[in-house]
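What follows is the content of query-v5.cif (mmCIF, C-alpha atoms and all ligand atoms).
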```cif
data_structure
loop_
_atom_site.label_atom_id
_atom_site.label_comp_id
_atom_site.auth_asym_id
_atom_site.auth_seq_id
_atom_site.Cartn_x
_atom_site.Cartn_y
_atom_site.Cartn_z
CA MET J 1 0.00 0.00 0.00
CA LYS J 2 1.38 3.42 -0.94
CA THR J 3 1.89 5.94 1.85
CA VAL J 4 1.08 9.63 1.48
CA LYS J 5 2.37 11.86 4.28
CA ILE J 6 0.20 14.59 5.76
CA GLY J 7 1.32 17.67 7.67
CA ILE J 8 -1.01 20.16 9.35
CA VAL J 9 -0.16 23.80 10.01
CA GLY J 10 -2.51 25.26 12.62
CA PHE J 11 -3.44 23.09 15.62
CA GLY J 12 -6.55 25.00 16.63
CA THR J 13 -10.09 23.67 16.70
CA VAL J 14 -10.21 22.50 13.09
CA GLY J 15 -6.58 21.34 13.03
CA ALA J 16 -7.17 19.21 16.11
CA GLY J 17 -10.38 17.85 14.56
CA ALA J 18 -8.58 16.95 11.34
CA ALA J 19 -5.75 15.27 13.27
CA ALA J 20 -8.23 13.32 15.39
CA THR J 21 -10.15 12.21 12.29
CA LEU J 22 -7.00 11.12 10.45
CA LEU J 23 -5.88 9.09 13.47
CA ALA J 24 -9.27 7.62 14.41
CA ASN J 25 -10.36 6.75 10.88
CA HIS J 26 -6.98 5.89 9.40
CA ASP J 27 -7.88 2.25 8.81
CA VAL J 28 -11.25 2.86 7.23
CA ILE J 29 -9.72 5.48 4.90
CA ALA J 30 -6.97 3.01 3.94
CA LYS J 31 -9.55 0.27 3.23
CA ARG J 32 -11.67 2.59 1.14
CA THR J 33 -8.86 4.14 -0.88
CA GLY J 34 -6.01 1.64 -0.85
CA VAL J 35 -3.73 4.43 0.39
CA ASN J 36 -1.99 4.76 3.75
CA VAL J 37 -2.84 8.38 4.57
CA GLU J 38 -0.37 9.03 7.34
CA LEU J 39 -0.30 12.09 9.61
CA VAL J 40 3.39 12.86 10.17
CA ARG J 41 3.74 16.44 11.42
CA ILE J 42 1.69 19.22 13.05
CA ALA J 43 2.95 22.79 13.35
CA ASP J 44 1.63 25.52 15.64
CA LEU J 45 3.25 28.34 17.58
CA ASP J 46 1.61 26.87 20.68
CA ILE J 47 2.38 23.17 21.03
CA THR J 48 1.78 22.88 24.75
CA THR J 49 -1.97 23.53 25.05
CA ASP J 50 -4.07 20.37 25.31
CA ARG J 51 -6.08 20.13 22.06
CA GLY J 52 -8.12 17.13 23.11
CA VAL J 53 -6.29 14.79 20.76
CA THR J 54 -3.32 12.61 21.65
CA VAL J 55 -0.44 12.78 19.19
CA PRO J 56 3.19 11.68 19.66
CA ALA J 57 5.22 14.60 21.11
CA ASP J 58 7.75 14.45 18.29
CA MET J 59 4.97 15.01 15.74
CA LEU J 60 4.60 18.59 17.00
CA THR J 61 6.76 21.47 15.84
CA THR J 62 6.65 25.24 16.01
CA ASN J 63 8.22 25.52 12.56
CA ALA J 64 5.86 25.32 9.56
CA ASP J 65 8.85 24.67 7.30
CA ASP J 66 9.20 21.24 8.95
CA VAL J 67 5.74 20.41 7.65
CA ILE J 68 6.52 21.62 4.13
CA ARG J 69 9.72 19.59 4.08
CA GLU J 70 8.33 16.32 5.46
CA ALA J 71 4.77 16.12 4.15
CA ASP J 72 3.40 15.32 0.69
CA ILE J 73 0.23 17.28 1.50
CA VAL J 74 0.34 20.49 3.55
CA VAL J 75 -2.93 21.30 5.34
CA GLU J 76 -3.25 25.02 6.03
CA LEU J 77 -5.56 25.70 8.98
CA VAL J 78 -4.12 28.87 10.44
CA GLY J 79 -6.61 31.26 8.78
CA GLY J 80 -5.94 34.90 7.93
CA THR J 81 -4.58 36.18 4.65
CA THR J 82 -0.93 36.99 5.36
CA PHE J 83 1.03 34.10 6.89
CA ALA J 84 -1.40 31.60 5.36
CA LYS J 85 -0.82 33.00 1.87
CA THR J 86 2.96 32.89 2.25
CA LEU J 87 2.77 29.36 3.62
CA ILE J 88 0.55 28.04 0.83
CA LEU J 89 2.68 29.61 -1.92
CA LYS J 90 5.81 28.22 -0.29
CA ALA J 91 4.30 24.74 -0.11
CA LEU J 92 3.01 24.84 -3.70
CA ASN J 93 6.34 26.12 -4.98
CA ALA J 94 8.05 23.29 -3.11
CA GLY J 95 5.93 20.88 -5.14
CA LYS J 96 3.58 20.01 -2.29
CA SER J 97 -0.18 19.78 -2.65
CA VAL J 98 -2.23 21.89 -0.28
CA VAL J 99 -5.56 21.54 1.48
CA THR J 100 -7.07 24.65 3.04
CA ALA J 101 -10.29 25.82 4.68
CA ASN J 102 -9.38 29.49 4.20
CA LYS J 103 -12.31 31.22 2.47
CA ALA J 104 -11.06 34.78 2.89
CA LEU J 105 -7.73 33.86 1.34
CA LEU J 106 -9.25 32.05 -1.64
CA ALA J 107 -11.86 34.74 -2.26
CA LYS J 108 -9.14 37.40 -2.37
CA TYR J 109 -6.19 35.55 -3.88
CA GLY J 110 -7.71 32.51 -5.59
CA GLU J 111 -6.37 33.43 -9.01
CA GLU J 112 -2.78 33.74 -7.79
CA LEU J 113 -2.89 30.62 -5.63
CA PHE J 114 -4.38 28.39 -8.30
CA ALA J 115 -1.90 29.71 -10.86
CA ALA J 116 0.88 28.64 -8.48
CA ALA J 117 -0.70 25.19 -8.05
CA ALA J 118 -0.95 24.80 -11.85
CA ALA J 119 2.61 25.99 -12.42
CA ASN J 120 3.87 23.39 -9.97
CA GLY J 121 1.60 20.57 -11.15
CA VAL J 122 0.09 20.04 -7.70
CA ASP J 123 -3.36 20.12 -6.11
CA LEU J 124 -5.03 22.83 -4.06
CA TYR J 125 -8.26 21.60 -2.44
CA TYR J 126 -10.65 23.69 -0.37
CA GLU J 127 -13.90 21.85 0.40
CA ALA J 128 -14.10 23.17 3.98
CA SER J 129 -14.00 26.80 2.81
CA VAL J 130 -17.72 26.83 1.94
CA GLY J 131 -20.49 25.13 3.89
CA GLY J 132 -18.20 23.43 6.44
CA GLY J 133 -18.92 19.72 6.25
CA ILE J 134 -21.27 19.96 3.25
CA PRO J 135 -19.52 18.63 0.12
CA VAL J 136 -20.82 21.41 -2.12
CA ILE J 137 -17.52 22.20 -3.82
CA LYS J 138 -17.07 18.58 -4.86
CA ALA J 139 -20.66 18.62 -6.06
CA LEU J 140 -20.05 21.69 -8.22
CA GLN J 141 -16.74 20.41 -9.59
CA GLU J 142 -17.71 16.80 -10.16
CA GLY J 143 -21.33 15.81 -9.55
CA LEU J 144 -22.75 18.76 -11.49
CA VAL J 145 -20.00 19.03 -14.12
CA ALA J 146 -22.49 18.29 -16.91
CA ASN J 147 -24.48 21.41 -16.09
CA ARG J 148 -24.30 25.07 -16.88
CA ILE J 149 -24.99 26.59 -13.48
CA GLN J 150 -27.75 29.17 -13.52
CA ARG J 151 -28.32 30.20 -9.92
CA ILE J 152 -26.95 29.49 -6.47
CA TYR J 153 -28.60 30.62 -3.26
CA GLY J 154 -26.77 29.90 -0.03
CA ILE J 155 -27.38 30.23 3.66
CA LEU J 156 -23.66 30.18 4.28
CA ASN J 157 -23.19 31.57 7.76
CA GLY J 158 -24.39 29.59 10.76
CA THR J 159 -24.02 32.49 13.18
CA CYS J 160 -26.39 34.69 11.18
CA ASN J 161 -28.86 31.88 10.62
CA TYR J 162 -28.86 31.10 14.33
CA ILE J 163 -29.51 34.74 15.25
CA LEU J 164 -32.31 35.16 12.69
CA THR J 165 -33.92 31.87 13.70
CA ARG J 166 -34.01 32.87 17.36
CA MET J 167 -35.28 36.38 16.61
CA GLU J 168 -38.13 34.90 14.59
CA ARG J 169 -38.99 32.10 17.01
CA GLU J 170 -38.69 34.01 20.26
CA GLY J 171 -39.58 37.52 19.17
CA ALA J 172 -36.22 38.61 20.58
CA ASP J 173 -34.23 41.65 19.46
CA PHE J 174 -31.08 41.34 17.37
CA ALA J 175 -28.81 42.79 20.08
CA ASP J 176 -30.17 40.44 22.79
CA VAL J 177 -29.81 37.33 20.63
CA LEU J 178 -26.32 38.34 19.52
CA ALA J 179 -25.25 38.83 23.16
CA ASP J 180 -26.70 35.43 24.06
CA ALA J 181 -25.04 33.78 21.05
CA GLN J 182 -21.71 35.25 22.16
CA ARG J 183 -22.26 33.97 25.69
CA LEU J 184 -23.00 30.47 24.33
CA GLY J 185 -19.97 30.56 22.04
CA TYR J 186 -22.00 30.51 18.79
CA ALA J 187 -20.89 34.02 17.85
CA GLU J 188 -17.41 35.50 18.03
CA ALA J 189 -16.61 38.26 20.56
CA GLU J 190 -15.84 40.39 17.49
CA PRO J 191 -18.82 39.34 15.36
CA SER J 192 -18.45 41.67 12.39
CA LEU J 193 -17.04 39.12 9.91
CA ASP J 194 -20.17 37.04 10.37
CA ILE J 195 -23.00 39.49 11.00
CA ASP J 196 -21.90 42.14 8.52
CA GLY J 197 -21.98 39.52 5.78
CA PHE J 198 -18.29 39.30 4.86
CA ASP J 199 -17.91 35.61 5.71
CA THR J 200 -20.91 34.86 3.48
CA ALA J 201 -19.42 37.12 0.80
CA HIS J 202 -16.13 35.21 0.75
CA LYS J 203 -18.05 31.98 0.31
CA ALA J 204 -20.32 33.45 -2.35
CA SER J 205 -17.30 34.63 -4.34
CA ILE J 206 -15.81 31.11 -4.22
CA LEU J 207 -19.10 29.53 -5.33
CA ALA J 208 -19.40 32.05 -8.18
CA SER J 209 -15.89 31.17 -9.31
CA LEU J 210 -16.75 27.48 -9.36
CA ALA J 211 -20.01 28.07 -11.17
CA PHE J 212 -18.77 30.44 -13.83
CA GLY J 213 -15.11 29.64 -14.37
CA ARG J 214 -13.05 32.60 -13.27
CA TRP J 215 -11.93 34.10 -9.98
CA TYR J 216 -14.02 37.18 -9.33
CA GLY J 217 -12.34 38.32 -6.12
CA MET J 218 -14.29 40.48 -3.68
CA ASP J 219 -14.71 43.71 -5.66
CA PRO J 220 -17.91 42.72 -7.50
CA VAL J 221 -19.58 41.27 -4.40
CA SER J 222 -22.16 43.60 -2.85
CA VAL J 223 -22.50 42.95 0.86
CA GLU J 224 -25.10 43.82 3.48
CA GLY J 225 -25.30 42.04 6.83
CA ILE J 226 -28.07 41.43 9.34
CA ARG J 227 -27.60 44.29 11.84
CA ASN J 228 -30.55 46.26 10.48
CA ILE J 229 -33.12 43.50 10.62
CA SER J 230 -35.74 44.40 13.17
CA LEU J 231 -38.44 42.31 14.78
CA THR J 232 -40.98 44.55 13.09
CA ASP J 233 -39.71 43.51 9.66
CA LEU J 234 -39.56 39.82 10.60
CA ARG J 235 -43.21 40.08 11.70
CA TYR J 236 -44.41 41.81 8.53
CA ALA J 237 -42.43 39.34 6.43
CA ASP J 238 -44.15 36.53 8.32
CA GLU J 239 -47.56 38.09 7.79
CA LEU J 240 -46.85 38.32 4.07
CA GLY J 241 -45.71 34.67 3.86
CA TYR J 242 -41.94 35.12 4.03
CA ARG J 243 -38.94 34.53 6.28
CA ILE J 244 -35.84 36.71 6.23
CA LYS J 245 -32.56 34.87 5.61
CA LEU J 246 -29.07 36.15 4.94
CA LEU J 247 -28.40 34.77 1.47
CA GLY J 248 -25.38 34.61 -0.77
CA ILE J 249 -26.91 34.98 -4.23
CA ILE J 250 -25.07 34.07 -7.40
CA LYS J 251 -26.82 34.34 -10.73
CA ALA J 252 -25.95 34.45 -14.39
CA ILE J 253 -28.39 36.56 -16.35
CA ASN J 254 -27.87 37.46 -20.00
CA GLY J 255 -24.19 36.52 -19.88
CA SER J 256 -23.42 38.57 -16.79
CA VAL J 257 -22.82 37.46 -13.21
CA GLU J 258 -24.26 38.97 -10.06
CA ILE J 259 -22.77 38.10 -6.69
CA ARG J 260 -24.51 39.62 -3.71
CA VAL J 261 -25.05 39.03 -0.04
CA HIS J 262 -27.99 40.56 1.78
CA PRO J 263 -30.95 39.78 4.02
CA THR J 264 -33.62 38.39 1.75
CA LEU J 265 -37.32 37.64 2.05
CA VAL J 266 -37.78 33.99 1.06
CA PRO J 267 -41.23 32.32 0.76
CA LYS J 268 -41.93 30.30 3.89
CA ASN J 269 -42.61 27.15 1.89
CA ALA J 270 -39.21 27.23 0.13
CA LEU J 271 -36.75 24.60 1.38
CA LEU J 272 -34.13 27.25 2.13
CA ALA J 273 -36.59 29.15 4.32
CA ASN J 274 -36.79 26.10 6.55
CA ILE J 275 -33.07 25.79 7.20
CA SER J 276 -32.78 26.93 10.79
CA ASP J 277 -30.38 27.47 13.66
CA VAL J 278 -26.68 27.05 12.86
CA PHE J 279 -27.28 24.96 9.77
CA ASN J 280 -26.20 25.95 6.26
CA GLY J 281 -28.01 25.22 3.02
CA VAL J 282 -27.04 25.75 -0.59
CA MET J 283 -29.43 25.56 -3.52
CA VAL J 284 -27.68 25.03 -6.84
CA GLU J 285 -29.66 25.17 -10.06
CA GLY J 286 -28.17 23.68 -13.20
CA ASP J 287 -29.61 23.64 -16.71
CA MET J 288 -29.79 19.84 -16.80
CA VAL J 289 -30.34 18.78 -13.20
CA GLY J 290 -32.71 21.57 -12.15
CA GLN J 291 -32.63 22.47 -8.48
CA THR J 292 -30.46 20.62 -5.96
CA LEU J 293 -30.16 21.34 -2.27
CA PHE J 294 -27.20 20.72 0.02
CA TYR J 295 -27.75 20.92 3.76
CA GLY J 296 -25.68 20.42 6.88
CA ARG J 297 -23.37 21.90 9.45
CA GLY J 298 -21.41 24.83 8.10
CA ALA J 299 -18.96 25.09 10.96
CA GLY J 300 -17.65 23.29 14.01
CA ARG J 301 -14.68 21.07 14.68
CA ASN J 302 -15.95 17.73 13.42
CA ALA J 303 -18.01 18.93 10.46
CA THR J 304 -15.14 21.03 9.15
CA ALA J 305 -12.66 18.22 9.82
CA SER J 306 -14.89 15.90 7.79
CA ALA J 307 -14.43 18.16 4.74
CA VAL J 308 -10.73 18.72 5.35
CA VAL J 309 -10.03 15.00 5.61
CA ALA J 310 -12.15 14.31 2.52
CA ASP J 311 -9.87 16.71 0.63
CA ILE J 312 -6.75 15.13 2.11
CA THR J 313 -8.01 11.73 1.03
CA ASP J 314 -8.81 12.88 -2.52
CA VAL J 315 -5.40 14.47 -2.93
CA ALA J 316 -3.68 11.43 -1.40
CA VAL J 317 -5.45 9.17 -3.91
CA ASN J 318 -4.35 11.50 -6.73
CA ILE J 319 -0.74 11.34 -5.54
CA ALA J 320 -0.76 7.57 -4.95
CA ASN J 321 -2.17 6.97 -8.42
CA GLY J 322 0.12 9.45 -10.15
CA CYS J 323 -2.72 11.69 -11.30
CA PRO J 324 -2.37 15.04 -9.56
CA ARG J 325 -4.67 17.78 -10.82
CA ARG J 326 -7.32 15.21 -11.80
CA VAL J 327 -9.93 17.60 -10.45
CA THR J 328 -8.96 21.19 -9.85
CA PHE J 329 -10.14 24.72 -10.47
CA ARG J 330 -9.70 25.28 -14.16
CA GLU J 331 -10.15 28.85 -15.12
CA ASN J 332 -12.26 28.77 -18.25
CA ALA J 333 -13.86 32.21 -18.15
CA GLN J 334 -17.32 30.91 -19.01
CA ILE J 335 -18.76 34.22 -17.87
CA THR J 336 -16.50 37.20 -17.36
CA ALA J 337 -18.97 40.08 -17.24
CA VAL J 338 -20.19 41.26 -13.86
CA THR J 339 -23.52 43.05 -13.44
CA ALA J 340 -23.23 46.58 -12.02
CA PRO J 341 -25.18 46.89 -8.72
CA GLY J 342 -27.60 49.45 -10.22
CA ASP J 343 -28.55 47.02 -12.98
CA VAL J 344 -29.51 44.15 -10.68
CA GLN J 345 -33.22 43.34 -10.89
CA SER J 346 -35.07 42.24 -7.80
CA ARG J 347 -38.38 42.33 -6.03
CA TYR J 348 -38.41 44.56 -2.95
CA TYR J 349 -40.01 44.85 0.48
CA ILE J 350 -40.30 48.49 1.54
CA ARG J 351 -41.48 49.59 5.01
CA LEU J 352 -42.27 53.22 5.60
CA GLN J 353 -43.50 55.12 8.62
CA VAL J 354 -45.95 57.72 7.32
CA LYS J 355 -48.31 60.35 8.70
CA ASP J 356 -51.88 59.08 8.66
CA THR J 357 -53.23 61.90 6.50
CA PRO J 358 -55.15 61.99 3.20
CA GLY J 359 -53.17 61.50 0.01
CA VAL J 360 -50.04 59.89 1.53
CA MET J 361 -50.62 56.49 -0.05
CA ALA J 362 -51.28 58.17 -3.40
CA ALA J 363 -48.09 60.24 -3.14
CA VAL J 364 -45.95 57.17 -2.34
CA THR J 365 -47.44 54.99 -5.06
CA ASN J 366 -47.13 57.86 -7.50
CA VAL J 367 -43.37 58.04 -6.93
CA LEU J 368 -43.06 54.28 -7.48
CA ALA J 369 -45.12 54.49 -10.66
CA GLY J 370 -42.88 57.34 -11.85
CA GLU J 371 -39.89 54.96 -11.68
CA ASN J 372 -41.91 52.24 -13.41
CA ILE J 373 -41.98 50.13 -10.24
CA SER J 374 -45.05 47.97 -9.94
CA ILE J 375 -46.58 47.15 -6.54
CA SER J 376 -47.47 43.51 -5.92
CA SER J 377 -48.84 43.85 -2.39
CA LEU J 378 -49.43 46.59 0.14
CA ILE J 379 -50.47 46.61 3.78
CA GLN J 380 -51.29 49.42 6.10
CA PRO J 381 -52.51 47.90 9.35
CA GLU J 382 -55.43 49.74 10.91
CA THR J 383 -54.34 51.56 14.05
CA THR J 384 -56.24 53.90 16.31
CA GLY J 385 -54.92 57.00 17.92
CA ASN J 386 -51.59 56.95 16.07
CA ASP J 387 -50.51 59.87 13.94
CA VAL J 388 -47.78 57.79 12.32
CA VAL J 389 -48.54 54.41 10.76
CA PRO J 390 -46.52 51.75 8.99
CA LEU J 391 -46.93 51.22 5.25
CA VAL J 392 -45.47 47.99 3.89
CA ILE J 393 -45.12 47.57 0.15
CA LEU J 394 -43.94 44.58 -1.88
CA THR J 395 -42.93 45.27 -5.45
CA HIS J 396 -42.64 43.27 -8.62
CA SER J 397 -39.17 43.01 -10.11
CA ALA J 398 -37.48 46.39 -10.46
CA GLY J 399 -34.01 47.72 -11.20
CA GLU J 400 -31.91 48.66 -8.20
CA ALA J 401 -31.17 52.10 -9.66
CA GLN J 402 -34.89 52.81 -10.14
CA LEU J 403 -35.66 51.58 -6.65
CA ARG J 404 -32.97 53.79 -5.08
CA ALA J 405 -34.23 56.82 -7.02
CA ALA J 406 -37.80 56.14 -5.91
CA ILE J 407 -36.82 55.71 -2.26
CA LYS J 408 -34.89 59.00 -2.31
CA ASN J 409 -38.01 60.79 -3.54
CA ILE J 410 -40.31 58.94 -1.15
CA GLU J 411 -38.12 59.82 1.84
CA ALA J 412 -38.32 63.46 0.75
CA LEU J 413 -42.13 63.46 0.99
CA PRO J 414 -43.26 65.56 3.98
CA ALA J 415 -45.53 62.77 5.23
CA VAL J 416 -42.73 60.16 5.36
CA CYS J 417 -41.29 60.19 8.85
CA GLU J 418 -38.30 57.81 8.87
CA GLN J 419 -35.75 56.27 6.58
CA ALA J 420 -37.36 53.48 4.57
CA ARG J 421 -36.49 49.88 5.51
CA ILE J 422 -35.76 47.95 2.34
CA PHE J 423 -35.12 44.26 1.78
CA ARG J 424 -34.97 42.25 -1.41
CA ILE J 425 -37.29 39.35 -2.12
CA GLU J 426 -36.29 36.14 -3.93
CA ASP J 427 -39.06 33.76 -4.89
CA LEU J 428 -36.57 30.92 -5.53
N1 LIG J 501 -18.31 31.75 11.35
C1 LIG J 501 -18.87 30.95 10.31
C2 LIG J 501 -20.33 30.66 10.62
C3 LIG J 501 -18.17 29.66 10.07
O1 LIG J 501 -20.85 31.15 11.62
O2 LIG J 501 -20.94 29.94 9.86
C4 LIG J 501 -16.87 29.85 9.40
O3 LIG J 501 -17.03 30.39 8.13
#
```
Would you write out, as structure tokens, the structure that this file holds?
Amino acid sequence: MKTVKIGIVGFGTVGAGAAATLLANHDVIAKRTGVNVELVRIADLDITTDRGVTVPADMLTTNADDVIREADIVVELVGGTTFAKTLILKALNAGKSVVTANKALLAKYGEELFAAAAANGVDLYYEASVGGGIPVIKALQEGLVANRIQRIYGILNGTCNYILTRMEREGADFADVLADAQRLGYAEAEPSLDIDGFDTAHKASILASLAFGRWYGMDPVSVEGIRNISLTDLRYADELGYRIKLLGIIKAINGSVEIRVHPTLVPKNALLANISDVFNGVMVEGDMVGQTLFYGRGAGRNATASAVVADITDVAVNIANGCPRRVTFRENAQITAVTAPGDVQSRYYIRLQVKDTPGVMAAVTNVLAGENISISSLIQPETTGNDVVPLVILTHSAGEAQLRAAIKNIEALPAVCEQARIFRIEDL
């Protein structure tokens, strides 16, 4: 049986999970693949903390170069975009294949990293970068290879999904649920990467690259997080038959790609609307297969380790069989154009606070009509004794530029009391 040597850089939660999986399931992996996938080295600056996994003391090192020298596959699990980038390039240039879970790094530097992998004839695998344990990257690269991908919708951040689920179920405010999620360890002490949508954006950029054959980077990705979702909007959405989810949305329309991340009203009966708590879900639509849905844990030690070790195993099989680069990102520029934000078409939810006086509804709808925006539904709940009342409008599909122009004019109406709350709607 051929042996392929594995070295891990980064002995944190995921690194320890990957090491534990490689050790615990070594025999079953060998039986399934015919390859002895052997963990030989683990590097971390801190090699004294107990990681909950027993490894021989001489396997540990503080020098990542030891890993690059001794391993056939270097597993980068340090995160960040500086040391990790240097490490991966060094490993690739040393002729070593790399497995990484680093979404921020790939989203920003995918083109450069994959060029280095190609130049050196080695593999760079990254299943754990999107959807944690869900094998959605393998699905896009292999299972769905016969398809032209048309749309991808992803709930890609467990922290946000957990917060939105609890707000909806318990009628709790965003700030209270976030504080509780931090106390329980579901949300980071510095939560911005998750709740401001950037983590989802990194993942959306990677999925877009896989779907449409070029690295888009982060520039074309429009990002809005979940901080501005209020209970009031969740309740109106519910009343109108929708839930609000933070979605990564990737679409190809008329030969142009849109990549966006924002809170989105999704019909309650859609499968994605029913993905709750910390779970992730990705809907991929291909021209041949139609809609497919991938569901599971998007984070956590064991789920992420499952994806990392699947990558390690795939690369080990490639090496053992002398066929590196059997499956890899192949830039093929299927779709290079990117849709400008103002040109994106979407349905919208608009909530206004307006003075309860004659002619207000007419003035608001008049502005929308002036921008050629058609209303699909409108509610103004009956209230007594209030001078200011909510007005909730759902639109048919409209251009973002038209919508923004209309909102500017609506907010300038004397009877409109607050900034409009706006969310997009996707009917899936
Ligand atoms: N922090 C992410 C989440 C997992 O909450 O889903 C890592 O991308």
Worksheet item: So which residues are near ligand LIG 501 (chain J), meaning at most 10 Å away with all atoms listed in the file counted, given back as a PyMOL selection string?
Response: chain J and resi 101-104+128-132+155-162+186-188+191-195+198-200+202-203+278-280+297-300+304
Fill in: Polymer residues at most 12 Å from Ala139 in chain J, only C-alpha atoms, same-chain spacing of 3 or more positions, as a VMD selection string
chain J and resid 127 130 to 131 134 to 136 142 to 147 149 207 210 to 211 282 to 286 292 to 294 327
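Compared by their closest atoms to Ser256 in chain J, and using only C-alpha atoms, the residues J:Ala24, J:Val389, J:Ala340, J:Ala420 rank with J:Ala340 nearest.
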Discussion item. I want to know what sits within 9 Å of Ile393 in chain J, based on all atoms listed in the file, with residues of the same chain fewer than 6 positions away left out; could you give that as a list of chain:residue names?
Written reply: J:Tyr348, J:Tyr349, J:Ile350, J:Arg351, J:Leu352, J:Ile375, J:Ser376, J:Ser377, J:Leu378, J:Ile379, J:Gln380
Worksheet item: What lies within 8 Å of Asp173 in chain J using all atoms listed in the file, ignoring chain neighbours under 4 positions off, as an MDAnalysis selection string?
Response: chainID J and resid 167 177 230:231
Discussion item. Given all atoms listed in the file as the basis, pick out the residue of J:Ile42, J:Val354, J:Leu124, J:Ile335 nearest to Glu411 in chain J.
Written reply: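 Counting all atoms listed in the file, the residue closest to Glu411 in chain J is J:Val354.
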Practice prompt. For CA of Lys268 in chain J and CA of Tyr242 in chain J, quote the distance in Å rounded to one decimal.
Written response: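 Value for the CA of Lys268 in chain J-CA of Tyr242 in chain J distance: 4.8 Å.
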Worksheet item: For Val40 in chain J, which residue out of J:Thr61, J:Asn25, J:Gln150, J:Gln419 is the nearest one, using all atoms listed in the file?
Response: J:Thr61
Discussion item. So that I can see what lies close to Val98 in chain J, please list as a list of chain:residue names the residues with an atom at most 7 Å from it, counting only C-alpha atoms and leaving out residues fewer than 5 positions away in the same chain.
Written reply: J:Ile73, J:Val74, J:Val75, J:Ile88, J:Leu92, J:Asp123, J:Leu124, J:Tyr125
Worksheet entry | Expected answer as a ChimeraX atom specification: all residues with atoms within 8 Å of (-5.0, 15.4, 1.0), only C-alpha atoms | /J:6,73-75,97-99,125,308-317
Counting only C-alpha atoms, write as a PDB file with C-alpha atoms, in the frame of the given file all protein and nucleic acid residues lying at most 10 Å from (-7.6, 13.7, 14.6) in the file's frame.
```pdb
ATOM      1  CA  VAL J  14     -10.210  22.500  13.090  1.00  0.00           C
ATOM      2  CA  GLY J  15      -6.580  21.340  13.030  1.00  0.00           C
ATOM      3  CA  ALA J  16      -7.170  19.210  16.110  1.00  0.00           C
ATOM      4  CA  GLY J  17     -10.380  17.850  14.560  1.00  0.00           C
ATOM      5  CA  ALA J  18      -8.580  16.950  11.340  1.00  0.00           C
ATOM      6  CA  ALA J  19      -5.750  15.270  13.270  1.00  0.00           C
ATOM      7  CA  ALA J  20      -8.230  13.320  15.390  1.00  0.00           C
ATOM      8  CA  THR J  21     -10.150  12.210  12.290  1.00  0.00           C
ATOM      9  CA  LEU J  22      -7.000  11.120  10.450  1.00  0.00           C
ATOM     10  CA  LEU J  23      -5.880   9.090  13.470  1.00  0.00           C
ATOM     11  CA  ALA J  24      -9.270   7.620  14.410  1.00  0.00           C
ATOM     12  CA  ASN J  25     -10.360   6.750  10.880  1.00  0.00           C
ATOM     13  CA  HIS J  26      -6.980   5.890   9.400  1.00  0.00           C
ATOM     14  CA  LEU J  39      -0.300  12.090   9.610  1.00  0.00           C
ATOM     15  CA  ARG J  51      -6.080  20.130  22.060  1.00  0.00           C
ATOM     16  CA  GLY J  52      -8.120  17.130  23.110  1.00  0.00           C
ATOM     17  CA  VAL J  53      -6.290  14.790  20.760  1.00  0.00           C
ATOM     18  CA  THR J  54      -3.320  12.610  21.650  1.00  0.00           C
ATOM     19  CA  VAL J  55      -0.440  12.780  19.190  1.00  0.00           C
ATOM     20  CA  ASN J 302     -15.950  17.730  13.420  1.00  0.00           C
ATOM     21  CA  ALA J 305     -12.660  18.220   9.820  1.00  0.00           C
ATOM     22  CA  VAL J 309     -10.030  15.000   5.610  1.00  0.00           C
TER      23      VAL J 309
END
```
Worksheet entry | Using all atoms listed in the file: which of J:Glu111, J:Glu382, J:Asp46, J:Glu168 has the shortest distance to Ile206 in chain J | J:Glu111
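The environment of Gly34 in chain J within 10 Å, counting all atoms listed in the file and disregarding residues fewer than 6 places along the same chain, consists of Met1, Lys2, Thr3, Asp27, Val28, Val317 and Ala320 of chain J.
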Practice prompt. Would you work out the distance separating CA of Arg404 in chain J from CA of Gly225 in chain J, expressed in Å to one decimal?
Written response: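 So the answer is 18.4 Å.
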Discussion item. For a test of reading the model, state the distance in Å between CA of Glu331 in chain J and CA of Ala117 in chain J, rounded to one decimal.
Written reply: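 So the two atoms, CA of Glu331 in chain J and CA of Ala117 in chain J, lie 12.4 Å apart.
With only C-alpha atoms as the atoms that count, the minimum distance from Ala369 in chain J to the choices J:Ile410, J:Val344, J:Ala84, J:Val392 is reached by J:Ile410.
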